[in-house]
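Enquirer: What follows is target_34.cif, made up of mmCIF, C-alpha atoms:
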```cif
data_coords
loop_
_atom_site.label_atom_id
_atom_site.label_comp_id
_atom_site.auth_asym_id
_atom_site.auth_seq_id
_atom_site.Cartn_x
_atom_site.Cartn_y
_atom_site.Cartn_z
CA MET A 23 12.12 -133.45 115.42
CA ARG A 24 14.07 -133.11 118.61
CA ARG A 25 17.69 -134.01 118.56
CA PRO A 26 19.36 -135.60 121.55
CA ALA A 27 21.33 -133.18 123.64
CA PRO A 28 25.11 -133.42 122.97
CA GLN A 29 27.05 -135.20 125.70
CA THR A 30 29.88 -133.26 127.28
CA PRO A 31 33.24 -135.05 127.00
CA ARG A 32 34.59 -136.20 130.32
CA ALA A 33 38.14 -135.03 129.97
CA ALA A 34 39.14 -135.19 133.63
CA GLY A 35 36.56 -137.62 134.98
CA GLY A 36 39.07 -140.51 135.42
CA ARG A 37 41.69 -138.66 137.42
CA ILE A 38 40.45 -139.47 140.89
CA PRO A 39 40.22 -143.28 140.35
CA LEU A 40 43.70 -143.19 138.77
CA ILE A 41 45.18 -141.39 141.79
CA VAL A 42 43.62 -143.90 144.18
CA THR A 43 44.98 -146.86 142.17
CA LEU A 44 48.51 -145.42 142.03
CA THR A 45 48.46 -144.75 145.78
CA ILE A 46 47.58 -148.37 146.54
CA ILE A 47 50.29 -149.71 144.18
CA VAL A 48 53.01 -147.47 145.68
CA ALA A 49 52.00 -148.44 149.22
CA SER A 50 52.19 -152.16 148.41
CA GLN A 51 55.64 -151.71 146.83
CA MET A 52 56.89 -149.94 149.93
CA CYS A 53 55.67 -152.79 152.10
CA GLN A 54 57.58 -155.33 150.02
CA THR A 55 60.92 -153.44 149.73
CA THR A 56 61.26 -152.14 153.33
CA ALA A 57 60.54 -155.35 155.31
CA PHE A 58 63.19 -156.14 157.91
CA SER A 59 64.73 -159.54 158.67
CA PRO A 60 66.13 -160.54 162.07
CA SER A 61 69.45 -161.48 160.50
CA SER A 62 70.15 -157.87 159.56
CA LEU A 63 69.82 -156.81 163.17
CA ARG A 64 72.48 -159.18 164.49
CA THR A 65 75.30 -156.95 163.20
CA ASN A 66 74.06 -153.71 164.72
CA GLY A 67 76.50 -153.70 167.63
CA LEU A 68 74.31 -155.54 170.10
CA VAL A 69 76.00 -156.21 173.39
CA HIS A 70 76.58 -159.92 174.07
CA ALA A 71 76.18 -160.91 177.71
CA THR A 72 79.14 -162.74 179.21
CA THR A 73 79.93 -164.03 182.67
CA SER A 74 83.22 -163.20 184.31
CA ARG A 75 83.89 -164.50 187.79
CA SER A 76 87.12 -164.43 189.74
CA GLY A 77 88.31 -167.92 190.65
CA SER A 78 90.75 -170.65 190.01
CA PRO A 79 91.64 -171.96 186.56
CA ASP A 80 90.03 -175.27 187.42
CA LYS A 81 86.72 -173.72 188.02
CA LYS A 82 86.97 -171.69 184.82
CA SER A 83 87.75 -174.75 182.79
CA ALA A 84 84.98 -176.68 184.49
CA THR A 85 82.41 -174.09 183.78
CA SER A 86 83.69 -172.87 180.37
CA ASP A 87 81.37 -175.13 178.47
CA LEU A 88 78.35 -173.96 180.48
CA ALA A 89 79.32 -170.26 180.05
CA ARG A 90 79.60 -170.57 176.31
CA ARG A 91 76.19 -172.19 176.10
CA THR A 92 74.65 -169.51 178.36
CA ALA A 93 76.15 -166.66 176.33
CA ARG A 94 74.97 -168.22 173.08
CA VAL A 95 71.39 -168.54 174.37
CA SER A 96 71.47 -164.96 175.69
CA ASN A 97 72.67 -163.61 172.33
CA PHE A 98 69.84 -165.34 170.47
CA ALA A 99 67.26 -164.04 172.98
CA LEU A 100 68.46 -160.43 172.81
CA SER A 101 68.59 -160.55 169.02
CA ALA A 102 65.03 -161.82 168.80
CA GLN A 103 63.75 -159.18 171.22
CA ALA A 104 65.47 -156.37 169.34
CA ALA A 105 64.21 -157.61 166.01
CA ALA A 106 60.66 -157.86 167.30
CA ALA A 107 60.80 -154.35 168.80
CA VAL A 108 62.19 -152.69 165.65
CA THR A 109 59.84 -154.58 163.35
CA SER A 110 56.73 -153.69 165.37
CA THR A 111 57.58 -149.97 165.46
CA ALA A 112 59.32 -149.32 162.14
CA SER A 113 57.92 -151.75 159.59
CA PRO A 114 55.38 -150.01 157.28
CA SER A 115 54.02 -153.40 156.26
CA ASN A 116 52.19 -153.61 159.60
CA LEU A 117 50.44 -150.22 159.12
CA ALA A 118 46.81 -150.23 158.01
CA VAL A 119 46.29 -148.34 154.72
CA SER A 120 43.04 -146.41 154.57
CA LEU A 121 41.94 -143.55 152.28
CA ASP A 122 39.83 -141.84 154.93
CA ARG A 123 42.66 -141.22 157.48
CA PRO A 124 46.39 -140.27 157.24
CA LEU A 125 49.03 -142.91 156.64
CA LEU A 126 51.10 -141.57 159.53
CA SER A 127 50.66 -143.05 162.97
CA PRO A 128 48.59 -141.03 165.47
CA VAL A 129 51.70 -139.96 167.43
CA GLU A 130 53.55 -138.70 164.35
CA TYR A 131 50.38 -136.98 163.04
CA ALA A 132 49.83 -135.26 166.39
CA TYR A 133 53.32 -133.82 166.46
CA ARG A 134 53.35 -132.61 162.85
CA PRO A 135 54.33 -128.92 162.79
CA PRO A 136 51.41 -126.57 162.09
CA SER A 137 50.98 -125.30 158.52
CA SER A 138 51.99 -121.72 157.85
CA LYS A 139 49.59 -121.29 154.88
CA GLY A 140 46.98 -118.59 155.14
CA VAL A 141 43.54 -118.11 153.64
CA TRP A 142 44.88 -116.89 150.30
CA SER A 143 47.19 -119.89 150.00
CA SER A 144 44.27 -122.24 150.60
CA PHE A 145 42.19 -120.37 148.02
CA LEU A 146 44.98 -120.63 145.44
CA ALA A 147 45.32 -124.32 146.19
CA VAL A 148 41.63 -124.78 145.39
CA LEU A 149 42.00 -122.89 142.11
CA VAL A 150 44.83 -125.12 140.90
CA SER A 151 43.22 -128.35 142.10
CA ASP A 152 42.05 -131.04 139.70
CA VAL A 153 38.45 -130.73 140.88
CA PHE A 154 38.34 -127.03 139.96
CA GLU A 155 39.96 -127.72 136.59
CA THR A 156 37.43 -130.46 135.89
CA ALA A 157 34.47 -128.20 136.75
CA LEU A 158 35.89 -125.36 134.62
CA VAL A 159 36.45 -127.63 131.60
CA ALA A 160 32.93 -129.05 131.91
CA PHE A 161 31.40 -125.55 132.10
CA LEU A 162 33.31 -124.31 129.05
CA LEU A 163 32.36 -127.37 127.01
CA ALA A 164 28.67 -127.05 127.97
CA ALA A 165 28.64 -123.35 127.09
CA GLY A 166 30.31 -124.08 123.77
CA VAL A 167 27.85 -126.84 122.89
CA ALA A 168 24.92 -124.52 123.73
CA CYS A 169 26.23 -121.52 121.78
CA VAL A 170 27.74 -123.10 118.66
CA PRO A 171 24.52 -124.49 117.03
CA LYS A 172 22.67 -121.21 117.50
CA LEU A 173 25.66 -119.24 116.23
CA MET A 174 26.11 -121.46 113.17
CA SER A 175 22.43 -121.18 112.24
CA LYS A 176 22.68 -117.40 112.33
CA VAL A 177 25.94 -117.53 110.38
CA LYS A 178 24.36 -119.62 107.62
CA ALA A 179 21.28 -117.40 107.46
CA THR A 180 23.39 -114.26 107.23
CA ALA A 181 25.87 -115.69 104.76
CA GLY A 182 23.07 -116.95 102.52
CA GLY A 183 21.65 -113.46 102.13
CA TYR A 184 24.74 -112.04 100.48
CA GLU A 185 26.15 -112.85 97.08
CA GLY A 186 29.35 -112.11 95.17
CA GLU A 187 31.57 -109.25 96.21
CA GLU A 188 28.96 -107.85 98.58
CA ALA A 189 29.28 -110.95 100.75
CA SER A 190 33.04 -110.60 101.09
CA GLU A 191 32.67 -106.98 102.19
CA LYS A 192 29.88 -107.44 104.72
CA TRP A 193 30.95 -110.78 106.10
CA SER A 194 33.76 -109.66 108.42
CA LEU A 195 35.08 -110.39 111.87
CA THR A 196 32.95 -107.58 113.27
CA SER A 197 29.70 -109.20 112.19
CA LEU A 198 30.88 -112.58 113.46
CA ALA A 199 31.74 -111.07 116.85
CA SER A 200 28.34 -109.38 117.07
CA LYS A 201 26.59 -112.69 116.34
CA LEU A 202 28.63 -114.39 119.05
CA MET A 203 27.85 -111.68 121.60
CA SER A 204 24.13 -111.80 120.82
CA SER A 205 24.12 -115.58 121.27
CA VAL A 206 25.91 -115.33 124.61
CA GLN A 207 23.64 -112.52 125.82
CA SER A 208 20.55 -114.56 124.96
CA LEU A 209 21.77 -117.23 127.40
CA LEU A 210 22.31 -114.76 130.24
CA PRO A 211 19.53 -114.11 132.78
CA THR A 212 17.25 -111.15 132.28
CA ARG A 213 18.41 -107.92 133.87
CA GLN A 214 16.66 -106.60 136.92
CA ALA A 215 15.77 -103.47 134.98
CA ASP A 216 13.36 -105.45 132.82
CA ALA A 217 11.15 -106.06 135.85
CA THR A 218 10.84 -102.31 136.41
CA GLU A 219 10.10 -101.63 132.75
CA ALA A 220 7.39 -104.31 132.69
CA TYR A 221 5.45 -102.80 135.60
CA SER A 222 1.73 -102.55 134.88
CA GLU A 223 -1.47 -101.81 136.74
CA PRO A 224 -5.13 -102.50 135.87
CA MET A 225 -6.88 -99.40 134.61
CA PRO A 226 -9.62 -98.16 136.98
CA PHE A 227 -13.07 -97.64 135.48
CA ASP A 228 -14.46 -95.24 138.07
CA GLY A 229 -16.40 -92.89 135.80
CA ASP A 230 -20.19 -92.67 135.58
CA GLY A 231 -21.59 -96.05 134.64
CA GLY A 232 -18.19 -97.71 135.04
CA TRP A 233 -16.68 -95.94 132.03
CA GLY A 234 -13.10 -94.85 131.47
CA LYS A 235 -11.51 -92.96 128.62
CA CYS A 236 -8.79 -93.37 126.02
CA THR A 237 -7.39 -91.29 123.17
CA LEU A 238 -7.01 -92.24 119.53
CA ARG A 239 -3.29 -92.38 118.80
CA SER A 240 -2.85 -93.83 115.31
CA LYS A 241 -4.24 -96.13 112.66
CA LYS A 242 -2.53 -98.61 110.36
CA SER A 243 -3.80 -100.43 107.30
CA VAL A 244 -3.22 -104.21 107.10
CA ALA A 245 -4.57 -105.84 103.92
CA SER A 246 -8.38 -105.53 104.03
CA PHE A 247 -8.41 -104.17 107.59
CA THR A 248 -7.38 -101.13 109.60
CA VAL A 249 -5.87 -101.35 113.08
CA TYR A 250 -6.78 -98.45 115.39
CA GLU A 251 -4.55 -97.82 118.40
CA PHE A 252 -5.82 -95.98 121.47
CA ALA A 253 -3.66 -94.63 124.31
CA LEU A 254 -4.77 -95.20 127.90
CA PRO A 255 -4.58 -92.37 130.49
CA GLU A 256 -1.36 -93.83 131.96
CA ALA A 257 1.45 -95.66 130.17
CA TYR A 258 1.41 -98.47 132.74
CA TYR A 259 -2.34 -99.10 132.60
CA THR A 260 -3.72 -102.36 131.21
CA VAL A 261 -7.30 -103.36 130.52
CA PRO A 262 -8.04 -106.59 132.45
CA LEU A 263 -10.30 -108.67 130.21
CA ALA A 264 -11.18 -112.36 130.45
CA LEU A 265 -10.90 -114.78 127.53
CA GLY A 266 -13.62 -114.02 125.00
CA GLN A 267 -14.51 -110.71 126.67
CA GLN A 268 -15.11 -107.64 124.53
CA LEU A 269 -14.30 -103.98 125.20
CA ASP A 270 -17.17 -101.52 124.73
CA PHE A 271 -16.51 -98.15 123.02
CA CYS A 272 -18.75 -95.06 123.06
CA CYS A 273 -18.44 -91.65 121.47
CA LEU A 274 -20.48 -88.85 119.92
CA SER A 275 -20.80 -88.43 116.20
CA ALA A 276 -20.62 -85.13 114.37
CA THR A 277 -24.41 -84.88 114.76
CA ASP A 278 -24.20 -85.56 118.52
CA ASP A 279 -25.53 -89.09 118.15
CA ILE A 280 -24.37 -91.64 120.71
CA CYS A 281 -22.43 -94.37 118.89
CA THR A 282 -21.32 -97.58 120.56
CA GLY A 283 -19.44 -100.67 119.47
CA SER A 284 -17.97 -103.81 121.06
CA PHE A 285 -14.63 -105.23 119.93
CA TYR A 286 -12.16 -107.97 120.80
CA LEU A 287 -8.74 -106.45 121.48
CA HIS A 288 -5.98 -107.05 118.98
CA HIS A 289 -2.42 -107.55 120.26
CA ASP A 290 0.58 -107.05 118.00
CA GLY A 291 3.63 -109.27 118.33
CA ASN A 292 4.11 -112.03 120.89
CA THR A 293 2.95 -110.19 124.01
CA ALA A 294 -0.42 -111.19 125.40
CA GLN A 295 -1.15 -107.65 126.58
CA GLU A 296 0.79 -104.41 126.18
CA ALA A 297 0.60 -101.69 128.81
CA GLY A 298 -0.62 -98.23 127.93
CA VAL A 299 -2.51 -99.02 124.70
CA VAL A 300 -5.46 -100.96 123.30
CA ARG A 301 -6.02 -101.85 119.66
CA VAL A 302 -9.10 -102.81 117.64
CA VAL A 303 -9.43 -103.98 114.04
CA VAL A 304 -12.12 -102.73 111.67
CA PRO A 305 -12.76 -104.00 108.12
CA ASN A 306 -12.27 -101.49 105.33
CA ASP A 307 -15.36 -102.76 103.53
CA LYS A 308 -18.52 -101.40 105.15
CA GLU A 309 -20.48 -104.39 103.90
CA MET A 310 -18.59 -106.54 106.39
CA ASP A 311 -19.75 -104.45 109.38
CA GLU A 312 -21.78 -106.51 111.83
CA GLY A 313 -22.83 -104.76 115.03
CA GLY A 314 -21.62 -101.29 115.93
CA ALA A 315 -21.73 -100.17 112.32
CA GLN A 316 -22.42 -96.56 113.28
CA PHE A 317 -19.42 -96.42 115.60
CA MET A 318 -17.24 -97.92 112.84
CA ASP A 319 -18.35 -95.18 110.46
CA VAL A 320 -17.37 -92.54 113.02
CA LEU A 321 -14.08 -94.31 113.58
CA ARG A 322 -13.28 -94.39 109.87
CA GLU A 323 -14.44 -90.92 108.87
CA GLU A 324 -14.63 -88.59 111.87
CA LEU A 325 -12.22 -89.49 114.64
CA ARG A 326 -8.75 -87.96 114.45
CA PRO A 327 -5.63 -88.63 116.54
CA GLY A 328 -6.09 -86.96 119.92
CA ASP A 329 -9.86 -87.45 120.05
CA GLU A 330 -11.22 -89.13 123.19
CA VAL A 331 -13.66 -92.02 123.42
CA ALA A 332 -15.17 -93.80 126.41
CA ILE A 333 -14.39 -97.47 127.12
CA LYS A 334 -15.43 -100.11 129.65
CA PRO A 335 -15.22 -103.93 129.87
CA GLY A 336 -18.03 -105.62 127.96
CA LYS A 337 -19.63 -109.05 127.96
CA THR A 338 -17.80 -112.36 128.09
CA ARG A 339 -18.75 -114.46 125.08
CA LEU A 340 -16.69 -117.60 125.66
CA THR A 341 -18.87 -120.24 127.34
CA TYR A 342 -18.88 -124.03 127.57
CA HIS A 343 -21.96 -126.11 128.44
CA GLY A 344 -20.65 -129.57 127.60
CA LYS A 345 -20.83 -132.56 129.92
CA HIS A 346 -17.22 -133.68 129.46
CA THR A 347 -14.86 -131.90 131.82
CA PRO A 348 -12.09 -130.97 131.98
CA VAL A 349 -11.61 -129.75 128.41
CA THR A 350 -8.51 -131.38 126.94
CA ASP A 351 -8.84 -130.55 123.22
CA MET A 352 -9.67 -127.20 121.61
CA VAL A 353 -10.75 -126.77 117.98
CA TYR A 354 -10.93 -123.22 116.58
CA LEU A 355 -12.61 -122.32 113.29
CA ALA A 356 -12.14 -118.68 112.31
CA ALA A 357 -12.72 -116.53 109.23
CA GLY A 358 -11.44 -113.01 108.60
CA LEU A 359 -11.45 -110.87 111.75
CA GLY A 360 -12.63 -113.87 113.73
CA ILE A 361 -8.97 -114.76 114.31
CA VAL A 362 -8.50 -111.81 116.71
CA PRO A 363 -10.07 -113.40 119.84
CA ILE A 364 -8.64 -116.81 118.89
CA VAL A 365 -5.06 -115.55 119.10
CA ASP A 366 -5.61 -114.34 122.66
CA GLN A 367 -7.02 -117.70 123.70
CA ILE A 368 -4.12 -119.58 122.10
CA LYS A 369 -1.61 -117.47 124.00
CA ALA A 370 -3.46 -118.21 127.24
CA ILE A 371 -3.94 -121.99 126.99
CA THR A 372 -0.79 -123.24 125.26
CA PRO A 373 1.87 -122.56 127.95
CA LYS A 374 2.66 -125.63 130.03
CA GLY A 375 0.52 -125.84 133.16
CA ALA A 376 -1.66 -122.87 132.13
CA SER A 377 -4.77 -124.96 131.45
CA SER A 378 -6.12 -128.49 131.11
CA VAL A 379 -5.87 -128.29 127.31
CA LYS A 380 -3.38 -130.75 125.83
CA VAL A 381 -3.94 -130.19 122.09
CA ALA A 382 -5.27 -127.15 120.20
CA SER A 383 -6.12 -126.92 116.49
CA VAL A 384 -6.63 -123.62 114.64
CA VAL A 385 -8.22 -123.43 111.18
CA TRP A 386 -8.22 -119.90 109.72
CA VAL A 387 -10.06 -119.24 106.45
CA ASN A 388 -9.68 -116.18 104.20
CA ASP A 389 -10.61 -115.46 100.61
CA ASN A 390 -7.70 -112.99 100.27
CA ARG A 391 -4.12 -114.16 100.75
CA GLU A 392 -2.97 -110.80 102.14
CA ASP A 393 -5.51 -110.99 104.96
CA PHE A 394 -3.37 -113.64 106.65
CA ASP A 395 -0.86 -110.90 107.46
CA LEU A 396 -3.15 -109.71 110.25
CA ALA A 397 -2.18 -112.49 112.68
CA MET A 398 0.21 -114.81 110.85
CA ASP A 399 3.25 -113.67 112.84
CA SER A 400 1.50 -114.26 116.16
CA LEU A 401 0.27 -117.72 115.16
CA GLU A 402 3.68 -118.70 113.85
CA ALA A 403 5.37 -117.53 117.04
CA GLU A 404 2.99 -119.58 119.19
CA TYR A 405 3.47 -122.63 116.98
CA MET A 406 7.26 -122.37 117.29
CA LYS A 407 6.91 -122.28 121.07
CA HIS A 408 4.54 -125.26 121.28
CA PRO A 409 4.93 -127.37 118.09
CA THR A 410 3.68 -130.56 119.77
CA LYS A 411 0.63 -128.92 121.32
CA LEU A 412 -0.59 -126.52 118.63
CA ALA A 413 -1.65 -127.16 115.02
CA VAL A 414 -2.36 -124.21 112.68
CA SER A 415 -3.96 -124.48 109.23
CA CYS A 416 -4.51 -121.48 106.96
CA VAL A 417 -7.06 -122.22 104.24
CA MET A 418 -7.70 -119.89 101.32
CA ASP A 419 -11.33 -120.24 100.27
CA ASP A 420 -14.49 -118.22 99.97
CA VAL A 421 -16.55 -120.07 102.56
CA ALA A 422 -19.39 -117.55 102.22
CA ARG A 423 -20.13 -119.05 98.80
CA ASN A 424 -18.54 -122.52 98.87
CA PRO A 425 -19.56 -125.33 101.23
CA ILE A 426 -17.06 -126.38 103.87
CA GLU A 427 -17.49 -130.10 103.22
CA GLY A 428 -16.13 -129.77 99.70
CA ASN A 429 -12.76 -128.41 100.83
CA PRO A 430 -10.19 -131.21 101.34
CA GLU A 431 -7.98 -128.95 103.47
CA MET A 432 -10.82 -128.27 105.88
CA GLU A 433 -11.68 -131.97 106.05
CA GLU A 434 -8.11 -132.82 106.95
CA ALA A 435 -7.57 -129.97 109.43
CA VAL A 436 -10.76 -130.34 111.50
CA PRO A 437 -10.62 -133.42 113.76
CA TYR A 438 -13.62 -135.54 114.71
CA PHE A 439 -15.18 -135.13 118.13
CA ASN A 440 -13.73 -136.86 121.17
CA ALA A 441 -14.84 -136.64 124.77
CA GLY A 442 -13.32 -133.52 126.33
CA THR A 443 -13.25 -131.51 123.07
CA MET A 444 -14.58 -127.96 122.81
CA ALA A 445 -15.05 -126.12 119.52
CA VAL A 446 -15.02 -122.33 119.08
CA VAL A 447 -16.36 -120.64 115.94
CA SER A 448 -15.48 -117.01 115.26
CA GLY A 449 -16.23 -114.93 112.20
CA PRO A 450 -19.05 -113.41 110.12
CA LYS A 451 -22.57 -114.69 110.73
CA ARG A 452 -22.81 -116.65 107.48
CA PHE A 453 -19.52 -118.41 108.19
CA ALA A 454 -20.51 -119.09 111.81
CA GLU A 455 -23.73 -120.80 110.75
CA LYS A 456 -21.96 -123.01 108.20
CA ALA A 457 -19.14 -123.89 110.57
CA LYS A 458 -21.47 -124.85 113.40
CA GLY A 459 -23.51 -127.13 111.14
CA TYR A 460 -20.32 -128.68 109.76
CA LEU A 461 -19.03 -129.47 113.26
CA MET A 462 -22.32 -131.03 114.31
CA ARG A 463 -22.21 -133.28 111.26
CA LYS A 464 -18.75 -134.41 112.38
CA GLY A 465 -20.15 -135.54 115.74
CA TYR A 466 -19.76 -132.39 117.87
CA PRO A 467 -22.63 -131.89 120.35
CA GLU A 468 -24.23 -128.47 120.19
CA ASN A 469 -23.43 -127.76 123.84
CA CYS A 470 -19.71 -128.27 123.07
CA ILE A 471 -19.68 -125.55 120.38
CA CYS A 472 -19.26 -121.88 121.29
CA VAL A 473 -19.98 -119.23 118.64
CA LEU A 474 -18.27 -115.86 119.23
CA PRO A 475 -20.22 -112.89 117.75
#
```
Could you express the structure from this file as structure tokens?
Expert:
Amino acid sequence: MRRPAPQTPRAAGGRIPLIVTLTIIVASQMCQTTAFSPSSLRTNGLVHATTSRSGSPDKKSATSDLARRTARVSNFALSAQAAAAVTSTASPSNLAVSLDRPLLSPVEYAYRPPSSKGVWSSFLAVLVSDVFETALVAFLLAAGVACVPKLMSKVKATAGGYEGEEASEKWSLTSLASKLMSSVQSLLPTRQADATEAYSEPMPFDGDGGWGKCTLRSKKSVASFTVYEFALPEAYYTVPLALGQQLDFCCLSATDDICTGSFYLHHDGNTAQEAGVVRVVVPNDKEMDEGGAQFMDVLREELRPGDEVAIKPGKTRLTYHGKHTPVTDMVYLAAGLGIVPIVDQIKAITPKGASSVKVASVVWVNDNREDFDLAMDSLEAEYMKHPTKLAVSCVMDDVARNPIEGNPEMEEAVPYFNAGTMAVVSGPKRFAEKAKGYLMRKGYPENCICVLP
């Protein structure tokens, strides 16, 4: 079940609106406290106009009343003009407040002295700004949220493996620091050196008849099987095979008999194809040999590390003749070694956008529990990558003797046919015959079933 992604706290998200609000409040307070009244300008030493004419006392007394009235009117007029001039030029209440241009008037802004700050001062100003602090806090919180769950899961898994005094000795700050570093490194992008190390090139098959060669390197026993590893002529060579295509092998026996065999390649781990090597799986029991039995005998008893064999791409066995296209559902039924080509197909179709397949179901049957070790890690890895697209069922049963219909696990794991479904059967002949008949009884058309030899 997917958990919702944790939301990063917005520690500094409200700073900018707060600064804007405080700016508007301060500006309005300034407008209210610095308004001028005309009465305050009447005591600023304004010159009062008076009339003084030389003449007789009679004329002065006759015109005294008129002079006083004229001077009084002149004083009021000059006071009003001065008040209007000072108020229009000095009152901030008449200035328009806008956040997208300076509060200073254009004249004052034009004559502001140039700033003496350089490039480094501007850079330091950016570093100490609120915007940079907000971005830094958000990045640190996001990195912490991404690293902590992964770190804690590893801490619990490691701590659970130790008991008693051994736990107190091994669980130290050094191990904790190494877990933290590994978690951080997993989040970092892949180094450029990885691209050079992953270089590969298709192997040329330019020998007679389109053959190439490889050398037996090693063999490893896995439950009831043996994995044989062959080295290609160059470490960066790969064998380009299509889905469901086999690789043909040819060699000479001790009696100079030509022995051939066709195999599906086996890939260890999570990689779809490893450069420089090819691997095949052979059953330890000779009674399970089907096709190429003579080559398998030579492989088991005669070939030694360093011996060369010839190889070339073989036939493609994966075909679909159904009427419903595109294929949206895949159903795989495999037994024993039949899981080898199925794993390759799962790795190819499950990645997003790699194919038209939306859902894939794998049913793998073995009569020996240890035989699941052959491909269990690969199937589990693919399921962990695509849990909503891939379903894997491992059934322990001897299907060579028991009917498939009587197994409740098989009944539950194998879905009924829907338009756009393709079924692939892979395994021994007896199993393939039973599985094909079982699918047809569940509604699968014969042309929608592919049997891999």
Enquirer: Given only C-alpha atoms as the basis, pick out the residue of A:Ala397, A:Val302, A:Met406, A:Leu321 nearest to Tyr286 of chain A.
Expert: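 Once distances to Tyr286 of chain A are computed over only C-alpha atoms, the minimum belongs to A:Val302.
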Enquirer: Kindly give the distance, in Å, that separates atom CA of Gln316 of chain A and atom CA of Val421 of chain A, rounded to a single decimal.
Expert: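 So the two atoms, atom CA of Gln316 of chain A and atom CA of Val421 of chain A, lie 26.5 Å apart.
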Enquirer: Given all atoms listed in the file as the basis, pick out the residue of A:Ala403, A:Ala441, A:Ala457, A:Ala315 nearest to Val385 of chain A.
Expert: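 Of A:Ala403, A:Ala441, A:Ala457, A:Ala315, the one nearest Val385 of chain A, counting all atoms listed in the file, is A:Ala457.
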Enquirer: Can you spell out as JSON, numbers by chain the set of residues that the PyMOL selection byres ((chain A and resi 468) around 12) selects in the structure I just provided?
Expert: {"A": [342, 343, 344, 345, 439, 443, 444, 445, 446, 447, 457, 458, 459, 460, 461, 462, 463, 464, 465, 466, 467, 469, 470, 471, 472, 473]}
Enquirer: Give the padded box for segment 442-451 of chain A as JSON: axis-aligned, covering all atoms listed in the file, 6 Å on each side, centre and edge lengths in Å to one decimal.
Expert:
```
{"center_x": -17.9, "center_y": -123.5, "center_z": 118.2, "size_x": 21.3, "size_y": 32.1, "size_z": 28.2}
```
Enquirer: Figure out the distance between atom CA of Thr237 of chain A and atom CA of Phe252 of chain A, please, to one decimal in Å.
Expert: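 Separating atom CA of Phe252 of chain A from atom CA of Thr237 of chain A is a distance of 5.2 Å.
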Enquirer: Evaluated on this file, the PyMOL selection byres ((chain A and resi 249) around 8) picks out some residues - which ones are they, written as a list in words?
Expert: Lys241, Lys242, Ser243, Val244, Phe247, Thr248, Tyr250, Glu251, Arg301, Val302, Val303 and Val304 of chain A
